[in-house]
Each structure stands twice: as C-alpha cells, then as structure tokens.
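**Student:** Dropping a structure here in structure tokens format, bear with me for questions.
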Amino acid sequence: MVIPFLDIQRQYMSIKDEIEAALEKVFMEGAYSGGPFVDAFEGAFASYCNAGFSEGLSSGTDALHLAVRSLGIGPGDEVIVPANTFVATAWGVSHAGATPVFADCDPDTWTIDPSSIEKRITGKTKAVIGVHLYGQPFDFDSVAEVAQRYGLSVIEDCAQSVGALYKGRRTGSLGVAGCFSFYPGKNLGAYGEAGGITTNDPAIDERVRSLRNHGSVKKYYHDEIGFNMRMDGVHGAVLSLKLKYIDSWNEKRRVIARRYRDGIRNELLKFQKTPDWAEHVYHLFVTVTADRERFKKYLEEEGIYPGIHYPVPCHLQKAYAHLGYGLGAFPNAEALSVGCLSLPIFPELADDEIEAVIEAVNGYAG
C-alpha cells in the first residue's frame with residue numbers, strides 16, 4: 001500500500017459533476033475576472049466567517065501584503081511575525097516595504113508566543129501578524145492584550161485555518177483583517193492560486209478593493225498606484241461550491257486526528273498541544289521527533305509519504321540574512337524546524353490507510 005501525503009484528485013472525483021456544472025456556468029457567461037461568481041463567493045465567505053466584508057484575491061501572499069498596506073504600514077515600520085510559519089507571512093510585510101521582526105513560538109502549541117512578542121516591540125512597531133498554524137488558532141486574546149497596550153493592530157494569517165474556532169469565533173473575524181489562502185492543497189482549495197481577506201472595518205475593505213484593482217474603485221479612474229490581484233471567476237465558482245462542504249471535510253480531518261492521537265502510542269513522538277478554547281481543523285497533523293530524517297525514511301520504506309512543515313524557520317532563511325538573526329535566536333522555532341514531520345491527513349483517507357499509518361508509526365523504534 002502506498003499512502004500519499006495528499007491526494008486532491010480524490011476530492012475532485014467526489015464532487016466532479018457539481019464542479020463541471022459550476023465551471024460551465026462561468027464559461028457560458030464569460031465571467032472570468034471578478035464578476036458575479038467572485039461576488040457570490042465573497043458574500044458567502046464573509047457570512048461563513050462572521051465578518052462584515054470579504055474580498056477575493058489572487059493569493060494568500062497577496063492578502064497578507066494588502067492587509068499590511070491597507071493599514072498604512074510601509075518603509076520604516078516594523079511588523080512582528082512568528083519565526084515558525086511559512087515564509088509568505090513575512091513576505092506580506094516585506095512587499096509593503098516594512099521590516100518583519102520575528103518572534104518565537106510557544107513550545108507546546110507551536111503558535112506565536114505573546115511573551116516573545118512583547119520583547120520584540122520597538123518604537124517602529126505597527127502591527128503583529130499571528131498565524132493559526134497547521135489549522136490551530138493562536139491565542140488571540142493574549143496577543144491582542146499585548147498589542148492593545150502598545151497601540152498595535154493584530155492581523156490574522158488564516159491560510160491554514162478556514163473554519164477553525166477560537167473561543168467559539170471563526171478565525172478571520174478576530175483581528176483587523178484575516179488573510180486566507182485558497183491554494184489547491186488547503187482545506188478550502190481553488191484549482192489554482194487564490195486568496196482572500198476578511199474584515200469588519202469598512203475603511204480597510206475599501207482600501208483592499210482599490211489596491212487589488214490597479215488602485216481603482218471606478219473604472220479607468222485611479223486614485224493610487226495599485227496592483228492586479230483580483231480573484232478569477234473560475235476560482236469564485238469553485239470555492240462557492242466547496243464552501244458547502246468545508247465543515248464536513250474539516251470534521252473528517254478531526255476524526256482522523258483523533259484516531260492518530262488515540263491510536264499512536266510511541267514515546268519518540270510529540271504532538272501539537274490544543275487548548276480547550278481551540279477547535280483545530282488539521283490542515284496539517286504535525287509530529288516532532290529527535291531524528292526526523294530517520295523517521296521520514298522509515299515511513300517512506302513503509303509506503304507512507306510525510307511532509308516537513310517547515311525545515312527552515314523564517315529568521316534563518318537566506319532571504320532575511322540581512323536582518324542579522326543567528327542560530328539560537330528563537331530556540332522553540334528552531335527545535336521544531338529540525339524535528340517536525342507531518343503525517344498524511346486529508347478527508348478522503350480510507351480507514352485502512354489510517355490504520356496503516358498508526359501501525360507504522362507505532363512500529364518506529366528510532
């Protein structure tokens with residue numbers, strides 16, 4: 001048996017007829033860039049997230065960029081981001097001309113550590129980006145408490161957390177803006193690059209609408225230098241359809257995660273701690289072990305193909321060498337980067353595949 005890390009074709013086959021019908025409508029109407037299918041998705045997604053506004057964009061990275069820029073943040077400013085995240089979180093800051101300042105993660109939840117944030121604040125700090133990492137919400141209230149004391153905005157990176165709950169509230173409704181990725185491999189994935197922003201602030205929403213559309217809210221009248229970051233109609237149609245299924249898909253992920261947590265009995269592995277106030281959606285099921293490469297090789301020999309999220313923390317990426325961070329700056333993030341390994345988890349995993357993963361992991365002796 002070969003068990004892939006992810007198989008998005010299985011999901012497509014389960015809704016193939018509906019997808020093809022939705023795409024035919026787009027093609028027949030010729031609504032390829034923006035238009036009614038994107039508008040429909042934006043409305044449905046705002047409602048789903050319990051947010052006042054939602055804007056479709058070309059990627060999650062662009063969402064982060066526009067969220068930062070919409071707050072008036074730019075050259076000379078600093079934004080605090082976690083060292084343990086996909087590097088696009090920091091790209092959003094850099095693309096706006098500001099400087100990302102990294103903070104460590106909590107050693108148990110692996111999300112941004114509020115105490116580390118406070119140590120990184122300077123007179124140039126304007127905002128904090130917290131990441132709902134692997135599908136688990138970060139401790140928003142604790143981060144917001146620090147941010148409020150220093151007059152900082154809190155942006156949510158929701159790229160991995162569609163549908164997750166923090167104290168009963170959807171991610172994307174908590175901060176000044178929520179930034180989503182609809183990359184094909186995400187829990188809610190388009191068939192290509194796509195992203196979005198949610199907000200309850202009409203001023204931020206208006207700025208995002210302008211920036212994504214060449215700095216224009218009225219055709220051929222441009223109030224500022226903007227970007228071409230609009231969502232395609234095809235993605236709007238696909239995402240509207242998939243949004244109907246996201247809660248059931250996320251529940252299947254949680255069922256698999258519970259089976260892993262209950263069935264895996266191997267003291268060589270550590271799992272992410274999930275507080276009682278968090279409802280995880282398990283975009284990723286991440287483990288940590290002392291010899292990651294040996295564990296990875298063992299699983300592959302058993303026909304199981306894991307992932308690594310992420311092998312190099314942001315502060316040690318070559319792209320940010322000019323910021324002067326060295327090894328040891330953020331020990332928790334660095335420990336995760338050398339020990340993390342993600343097990344296969346997606347809604348269409350079959351029972352025998354789940355049991356095979358559990359059996360193989362329990363058979364790992366280091």
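By order of appearance in the structure tokens: chains A, B, ..., then residues from 1 within every chain, and ligands from 1 in the order shown.
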Please tabulate, as a Markdown table, the residues of stretch 197-262 of chain A that come within 10 Å of stretch 16-31 of chain A, each with its closest pair of atoms and the distance in Å to one decimal, counting only C-alpha atoms and ordering rows by chain, then residue number upward.
**Tutor:**
```
| residue | atom | partner | partner_atom | distance |
| --- | --- | --- | --- | --- |
| A:Asp232 | CA | A:Ala31 | CA | 8.4 |
| A:Gly233 | CA | A:Ala31 | CA | 5.7 |
| A:Val234 | CA | A:Val26 | CA | 6.4 |
| A:His235 | CA | A:Leu23 | CA | 9.2 |
| A:Gly236 | CA | A:Val26 | CA | 9.4 |
| A:Ala237 | CA | A:Ala22 | CA | 6.1 |
| A:Val238 | CA | A:Ile19 | CA | 6.6 |
| A:Leu239 | CA | A:Ile19 | CA | 9.8 |
| A:Ser240 | CA | A:Ala22 | CA | 9.3 |
| A:Leu241 | CA | A:Ile19 | CA | 7.4 |
| A:Lys242 | CA | A:Ile19 | CA | 8.8 |
```
**Student:** What's around A:Val131 at 9 Å? Count only C-alpha atoms, leave out sequence neighbours fewer than 4 positions away in its own chain, and write the answer as a short mmCIF file (atom, residue, chain, number, x, y, z; two decimals) with C-alpha atoms, in the first residue's frame.
**Tutor:**
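Final output, result.cif:
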```cif
data_model
loop_
_atom_site.label_atom_id
_atom_site.label_comp_id
_atom_site.auth_asym_id
_atom_site.auth_seq_id
_atom_site.Cartn_x
_atom_site.Cartn_y
_atom_site.Cartn_z
CA VAL A 81 5.58 37.82 12.78
CA PRO A 82 6.29 34.31 14.09
CA THR A 85 5.49 29.78 9.80
CA THR A 89 3.70 35.52 6.33
CA THR A 111 1.86 29.18 17.64
CA ILE A 112 3.23 32.67 18.35
CA GLN A 136 -4.95 25.61 15.16
CA PRO A 137 -5.87 29.14 16.30
CA PHE A 138 -3.22 31.12 18.12
CA ILE A 155 -3.67 40.74 11.60
CA GLU A 156 -4.66 37.07 11.36
CA ASP A 157 -2.88 34.75 8.95
CA CYS A 158 -5.68 32.26 8.31
CA ALA A 159 -4.01 30.49 5.38
CA GLN A 160 -4.32 27.13 7.16
CA SER A 161 -7.38 27.68 9.34
#
```
**Student:** Rank A:Tyr150, A:Ser337, A:Asp106, A:Glu42 by their smallest atom-to-atom distance to A:Glu118, using only C-alpha atoms, and report the top residue only.
**Tutor:**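 Answer, going by the shortest atom-to-atom distance: A:Tyr150.
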**Student:** Pick out the residues sitting within 10 Å of A:Glu359, and hand them over as an NGL selection string; count only C-alpha atoms, and ignore anything fewer than 3 positions along from it in its own chain.
**Tutor:** :A and (260 or 263-265 or 353-356 or 362-364)
**Student:** Here is a test: counting only C-alpha atoms, which residue of A:Val288, A:Val281, A:Leu323, A:Leu299 is nearest to A:Cys340?
**Tutor:**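 Checking each candidate against A:Cys340, we get A:Val288 as the closest.
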**Student:** So that I can check the secondary structure, give me every residue of stretch 84-296 of chain A assigned strand (DSSP E or B) by backbone DSSP, as number ranges by chain.
**Tutor:** A: 99-103, 105, 112, 125-131, 153-157, 165-166, 169-170, 177-181, 195-199, 213, 218, 221, 228, 230, 232, 270-271, 278-279, 285-288
**Student:** For A:Pro100, which residue out of A:Val38, A:Cys179, A:Cys314, A:Leu71 is the nearest one, using only C-alpha atoms?
**Tutor:** A:Cys314
**Student:** Name the residues in contact with A:Ala203 at a cut-off of 12 Å, using only C-alpha atoms, excluding same-chain residues fewer than 2 positions from it; report them as a list in words.
**Tutor:**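 Once the adjacent positions are removed, what remains is Gly52, Phe53, Ala67, Ser70, Leu71, Gly72, Val176, Ala177, Thr199, Asn200, Asp201, Asp205, Glu206, Arg207, Val208, Arg209 and Ser210 of chain A.
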**Student:** Could you write out the selected residues, including C-alpha atoms, as a PDB file, in the first residue's frame?
**Tutor:**
```pdb
ATOM      1  CA  GLY A  52     -18.551  42.232   7.728  1.00  0.00           C
ATOM      2  CA  PHE A  53     -16.631  42.108   4.454  1.00  0.00           C
ATOM      3  CA  ALA A  67      -3.691  43.765   4.746  1.00  0.00           C
ATOM      4  CA  SER A  70      -4.192  48.870   3.936  1.00  0.00           C
ATOM      5  CA  LEU A  71      -3.154  49.855   7.462  1.00  0.00           C
ATOM      6  CA  GLY A  72      -0.771  52.465   6.068  1.00  0.00           C
ATOM      7  CA  VAL A 176      -8.403  43.955  11.961  1.00  0.00           C
ATOM      8  CA  ALA A 177      -8.110  41.630   8.956  1.00  0.00           C
ATOM      9  CA  THR A 199     -12.502  42.397   7.850  1.00  0.00           C
ATOM     10  CA  ASN A 200     -15.090  44.211   9.897  1.00  0.00           C
ATOM     11  CA  ASP A 201     -13.560  47.606   9.077  1.00  0.00           C
ATOM     12  CA  ASP A 205     -12.224  46.806   2.919  1.00  0.00           C
ATOM     13  CA  GLU A 206     -12.409  49.856   0.644  1.00  0.00           C
ATOM     14  CA  ARG A 207      -8.617  50.145   0.536  1.00  0.00           C
ATOM     15  CA  VAL A 208      -8.226  46.458  -0.344  1.00  0.00           C
ATOM     16  CA  ARG A 209     -10.824  46.757  -3.104  1.00  0.00           C
ATOM     17  CA  SER A 210      -8.872  49.644  -4.590  1.00  0.00           C
TER      18      SER A 210
END
```
